[in-house]
Each structure stands twice: as structure tokens, then as C-alpha cells.
Amino acid sequence: MSETKKTNIILFSGDYDKAMAAYIIANGAAAYDHEVTIFHTFWGLNALRKDENITVKKNFVEKMFGKMMPRGANKMGISKMNFAGFGPTMIKDVMKKHNAVPLPDLIDMAQEQEINLVACTMTMDLLGLQKEELLDEIEYAGVAAYLADAEDGNVNLFI
Amino acid sequence: MSETKKTNIILFSGDYDKAMAAYIIANGAAAYDHEVTIFHTFWGLNALRKDENITVKKNFVEKMFGKMMPRGANKMGISKMNFAGFGPTMIKDVMKKHNAVPLPDLIDMAQEQEINLVACTMTMDLLGLQKEELLDEIEYAGVAAYLADAEDGNVNLFI
Amino acid sequence: MSETKKTNIILFSGDYDKAMAAYIIANGAAAYDHEVTIFHTFWGLNALRKDENITVKKNFVEKMFGKMMPRGANKMGISKMNFAGFGPTMIKDVMKKHNAVPLPDLIDMAQEQEINLVACTMTMDLLGLQKEELLDEIEYAGVAAYLADAEDGNVNLFI
């Protein structure tokens with residue numbers, strides 16, 4: 001009897017490079033038949049935002065957060081050497097040259113591989129993010145659901 | 001026979017939002033009957049500092065570290081969008097509006113739930129922090145104690 | 001029959017203090033007879049760079065990355081309070097005063113303890129780093145090798 005291995009990643013960071021690392025590990029683990037969950041919390045929720053401007057009712061502070069935070073994976077900055085936005089451009093140029101897979105495609109791939117993409121409802125509420133603003137076909141859960149998965153996990157990471 | 005599950009978190013970061021994430025996961029795990037330890041090292045030690053100014057003998061560099069580092073959970077900055085201190089204020093306003101639990105209360109709750117709050121003695125020494133400056137009823141240990149806990153841990157995270 | 005415990009650390013960060021934490025945990029785990037692997041990816045690769053200037057053929061962007069990224073453990077900045085380079089100097093002064101082991105020595109110690117130091121080939125390619133620029137006697141692998149180690153790991157951390 002072989003049990004399914006489990007990989008559970010908390011994506012807390014809103015950095016392009018850290019989200020890339022999370023999705024590369026997740027896609028790799030899914031390719032090795034792990035059951036994989038990425039639990040997006042705090043700034044990591046930005047990876048799940050839709051590209052376009054969705055109109056939803058928000059209060060003033062929620063609107064400010066909404067404007068200040070990057071809208072989707074493609075707009076996220078990198079953790080080091082951001083150089084007024086020059087960093088991500090360089091990374092993306094280099095990635096294209098090396099045929100590396102950009103973050104939005106890694107997220108598509110994750111959905112095709114049936115990786116569970118979860119948005120943390122507590123921080124959605126805190127940052128004023130609404131379901132309409134996030135990708136379709138993701139799940140919504142809290143810390144209890146994360147712990148239920150992680151306590152039997154083989155690979156648990158906080159990124 | 002059911003074995004107790006174990007959650008072991010290294011809190012390395014001195015960011016308000018990351019410390020919140022650590023304490024939310026820890027309190028959640030304790031509510032699910034995990035045995036939980038938060039091992040505070042490097043900048044994560046700041047979460048354990050008392051609010052008031054404690055007078056202890058320090059050398060010049062230790063005094064500088066003492067002044068530059070935030071004194072307690074309530075004074076920590078956030079990892080993103082700090083905007084000259086505007087960020088934490090916004091986060092705290094938003095939290096109050098949503099009845100979310102602020103970090104100092106999450107730490108109280110952790111102590112009530114008998115989560116082991118451990119201060120890393122090696123980095124206390126390095127940063128010149130003394131026991132009098134830290135919260136009461138915490139533990140003091142080094143990397144060996146962390147590893148002894150973590151090697152049987154179900155959920156191990158570095159935050 | 002006692003099985004060997006395993007510690008697997010992904011070092012993603014290029015910060016001096018985070019790399020120190022990774023190597024202190026790794027050396028501690030090796031001292032407790034764990035089989036230990038540090039998988040260096042993205043900015044964490046800088047910890048493995050040789051100190052000297054190695055001449056290898058690079059294109060323009062690779063040269064820029066090569067110049068902008070710190071050449072070796074001793075040149076890395078710290079994650080907090082960098083203060084235009086003042087931070088690392090202070091940390092190193094404090095460490096010398098307390099007889100703490102500096103990062104390059106922690107890396108030597110790791111090699112003596114037969115910790116597997118692995119460089120992520122995908123990010124080496126991305127950042128234009130070549131084997132000649134990295135420390136001798138390290139290994140080269142990708143995410144598949146990491147996962148094969150980590151899925152049986154006792155302590156898995158992302159730093």
C-alpha cells in the first residue's frame with residue numbers, strides 16, 4: 001500500500017521571485033504525484049488577483065490597499081534588487097531568453113495539475129479583497145483547513 | 001493510542017505581519033491540541049521585548065541595537081508597504097475595524113494556551129538582549145533544543 | 001533499527017543573517033547525526049560564490065547580475081537595518097566580540113561535516129552563474145532532487 005505524499009505551501013510573500021519558487025516546487029511535487037496545496041495569505045494573495053480592474057464596493061482604506069497592491073502575478077515586484085521596477089523586467093527578460101516559465105503560466109500549470117489553490121479568507125477580509133477580484137476555480141479557507149492538511153504533510157513550507 | 005501532534009515555528013522575522021502569521025498558526029495549532037513551540041531568533045526576539053524601557057548594563061553597540069530595534073510586538077514594522085511607518089497604522093486600523101486580534105493579544109493568547117515561547121540564547125547574546133527586557137514566563141534555549149523538538153514535528157515552519 | 005533523521009533546507013535568501021540561521025541549524029542538525037542538505041536557489045546561490053573575480057564568458061545581462069550580486073558569503077547584506085552597509089559591519093563586530101562563528105567559517109564547517117551543499121541548476125542558468133564561480137566540492141541539482149530528499153525529511157525549512 002503506498003500512501004499519497006503531501007506538499008503544503010503557505011505563500012505569504014508578495015514577491016515575484018518567491019512566488020515563482022513556491023509554484024516551481026508545487027508543480028514539481030504535483031508531477032511526482034504529491035497532493036499539493038498552496039495556501040495564499042497576506043501579500044501572497046496578490047498572486048491570485050485577476051489582471052483587470054474589477055469594480056467592487058470597498059471602503060476608503062480597502063480602496064487604498066487595492067490600489068497599492070499589485071494586481072496579479074505579472075505585476076509583482078522582486079524581493080531583491082528591485083531598482084525602481086527595473087529588477088522584474090530584467091528577470092523576465094532573462095527568463096524569456098532561457099525559456100523559463102513566467103509566473104502566470106506557472107499558476108495556469110498548477111491549476112491544470114489540480115493543485116489546490118487556496119485563498120485565506122481572514123486576510124481577504126483584512127485587505128478588503130473580494131472573490132470577484134481573484135482567479136476562478138480556487139478555494140477559500142482559513143487556518144484550520146491549512147492545519148488539517150499540513151499535520152499529515154511530508155513537505156511543509158512557509159514562503 | 002493517539003500521539004500528540006507537534007507544531008514548531010522558528011520566528012526569525014521582526015515584521016509585524018509575519019509575526020502575526022506565526023502567532024495565528026501557532027494559536028490555531030494549539031486549539032487543535034498540537035504541542036506548539038515558537039522559537040524566537042534574530043529579529044523575531046523583538047516580539048518578546050517588554051514595552052517599557054528596562055535599564056540594564058550594556059556596551060555601546062548593544063545600546064545601539066537596543067535603541068534601533070522595536071521594543072515589543074506593538075512597535076514592529078510590516079514587511080511590505082511600510083511607507084515611513086504609515087503601513088502598520090493602516091494595518092492596525094483595518095484590524096480594529098474587522099475585530100481582528102492585534103499581535104500583543106495573540107501573544108497573550110499563546111501564553112494562555114501554554115504555547116512554548118522560546119528565546120534563542122545565542123542571538124540574545126549577539127544582540128545584547130537580557131532576560132529582564134523580555135516577557136516573563138518564557139523559556140531560554142539554543143538550536144539543539146529546537147532540533148530535538150523539530151525532528152518529531154508534524155508542522156515545521158521558518159517564518 | 002534506528003533510521004537516520006533528515007534535515008533539508010532551501011536557502012532562497014541572499015541575506016547574511018538568514019544564511020547564518022540556515023547554516024547554524026544545518027551544522028546543529030549534522031552534529032545530531034542528521035543527514036543534512038542545503039539546497040541553494042535564487043539569491044541563496046550567492047553564499048556559494050567564490051570570493052575572487054572569476055573570468056567566464058557571459059552576456060550583458062548576466063554580467064550585470066554578476067556585478068550586482070554579492071560575491072560570496074562575506075559580502076552579503078543583512079535583511080534588516082542594512083543602513084547603507086553599516087548593518088553587516090556592526091553584526092560582524094558584535095559576532096567577533098562574542099566569539100560567534102562568521103558565515104564563511106560556518107560554510108567551511110558544513111563542508112567538513114559532509115553536509116550536502118547543492119546549487120540549483122535552474123537558477124544558476126537564469127542568473128548566469130557558472131560552476132567555475134562557485135565553491136568546489138558542491139553538488140548540482142534541480143527541484144526533483146530536492147523533492148526526493150524532502151519528502152522523507154524530518155525538518156524541512158524554506159529560508
# chains A, B, ... in the order shown; residues from 1 in each chain; ligands from 1

call {"tool": "interface_residues", "arguments": {"of": "chain B", "to": "chain A", "cutoff": "7 Å", "atoms": "only C-alpha atoms", "output": "PyMOL selection string"}}
result
chain B and resi 25+28-29+94-95+98+154-159

call {"tool": "select_by_dssp", "arguments": {"residues": "chain B", "states": "alpha helix (DSSP H)", "output": "VMD selection string"}}
result
chain B and resid 16 to 31 60 to 68 86 to 97 103 to 112 121 to 127 143 to 150

call {"tool": "closest_residue", "arguments": {"among": "B:Ala30, B:Ala141, B:Ile107, B:Glu133", "to": "Asn53 of chain B", "atoms": "only C-alpha atoms"}}
result
B:Glu133

call {"tool": "residues_around", "arguments": {"residues": "Arg49 of chain B", "least_positions_apart": "2", "cutoff": "8 Å", "atoms": "only C-alpha atoms", "output": "PyMOL selection string"}}
result
chain B and resi 45-47+51+71-73+133-135

call {"tool": "write_last_selection", "arguments": {"atoms": "N, CA and C atoms", "output": "short mmCIF file (atom, residue, chain, number, x, y, z; two decimals), in the first residue's frame"}}
result
data_model
loop_
_atom_site.label_atom_id
_atom_site.label_comp_id
_atom_site.auth_asym_id
_atom_site.auth_seq_id
_atom_site.Cartn_x
_atom_site.Cartn_y
_atom_site.Cartn_z
N LEU B 45 13.12 37.99 18.07
CA LEU B 45 13.17 38.24 19.51
C LEU B 45 12.43 39.51 19.90
N ASN B 46 12.35 40.46 18.97
CA ASN B 46 11.69 41.73 19.30
C ASN B 46 10.23 41.55 19.70
N ALA B 47 9.59 40.51 19.20
CA ALA B 47 8.20 40.24 19.58
C ALA B 47 8.07 39.95 21.07
N ASP B 51 7.37 46.28 26.65
CA ASP B 51 7.03 47.58 26.11
C ASP B 51 7.88 48.70 26.72
N ARG B 71 10.76 47.94 20.42
CA ARG B 71 10.59 47.44 21.78
C ARG B 71 9.21 46.82 21.92
N GLY B 72 9.11 45.53 21.58
CA GLY B 72 7.85 44.82 21.74
C GLY B 72 7.03 44.74 20.47
N ALA B 73 6.10 43.81 20.51
CA ALA B 73 5.28 43.45 19.36
C ALA B 73 4.57 44.66 18.76
N GLU B 133 14.64 42.24 29.89
CA GLU B 133 13.97 43.02 28.83
C GLU B 133 12.87 42.23 28.13
N LEU B 134 12.83 40.92 28.36
CA LEU B 134 11.87 40.08 27.65
C LEU B 134 10.68 39.72 28.55
N LEU B 135 9.60 39.29 27.93
CA LEU B 135 8.39 38.90 28.65
C LEU B 135 8.69 37.86 29.73
#

call {"tool": "residues_around", "arguments": {"residues": "Val118 of chain A", "least_positions_apart": "4", "cutoff": "8 Å", "atoms": "only C-alpha atoms", "output": "JSON, numbers by chain"}}
result
{"A": [37, 38, 39, 40, 138, 139, 140, 141]}

call {"tool": "write_last_selection", "arguments": {"atoms": "C-alpha atoms", "output": "short mmCIF file (atom, residue, chain, number, x, y, z; two decimals), in the first residue's frame"}}
result
data_model
loop_
_atom_site.label_atom_id
_atom_site.label_comp_id
_atom_site.auth_asym_id
_atom_site.auth_seq_id
_atom_site.Cartn_x
_atom_site.Cartn_y
_atom_site.Cartn_z
CA THR A 37 -1.90 22.76 -1.68
CA ILE A 38 -0.78 26.38 -1.85
CA PHE A 39 -2.39 28.43 0.91
CA HIS A 40 -2.20 32.10 -0.12
CA ILE A 138 -9.81 28.49 -6.39
CA GLU A 139 -10.79 27.51 -2.86
CA TYR A 140 -11.48 29.63 0.21
CA ALA A 141 -10.43 28.54 3.68
#

call {"tool": "select_by_dssp", "arguments": {"residues": "chain B", "states": "strand (DSSP E)", "output": "ChimeraX atom specification"}}
result
/B:6-11,35-40,116-120,139-141,155-158
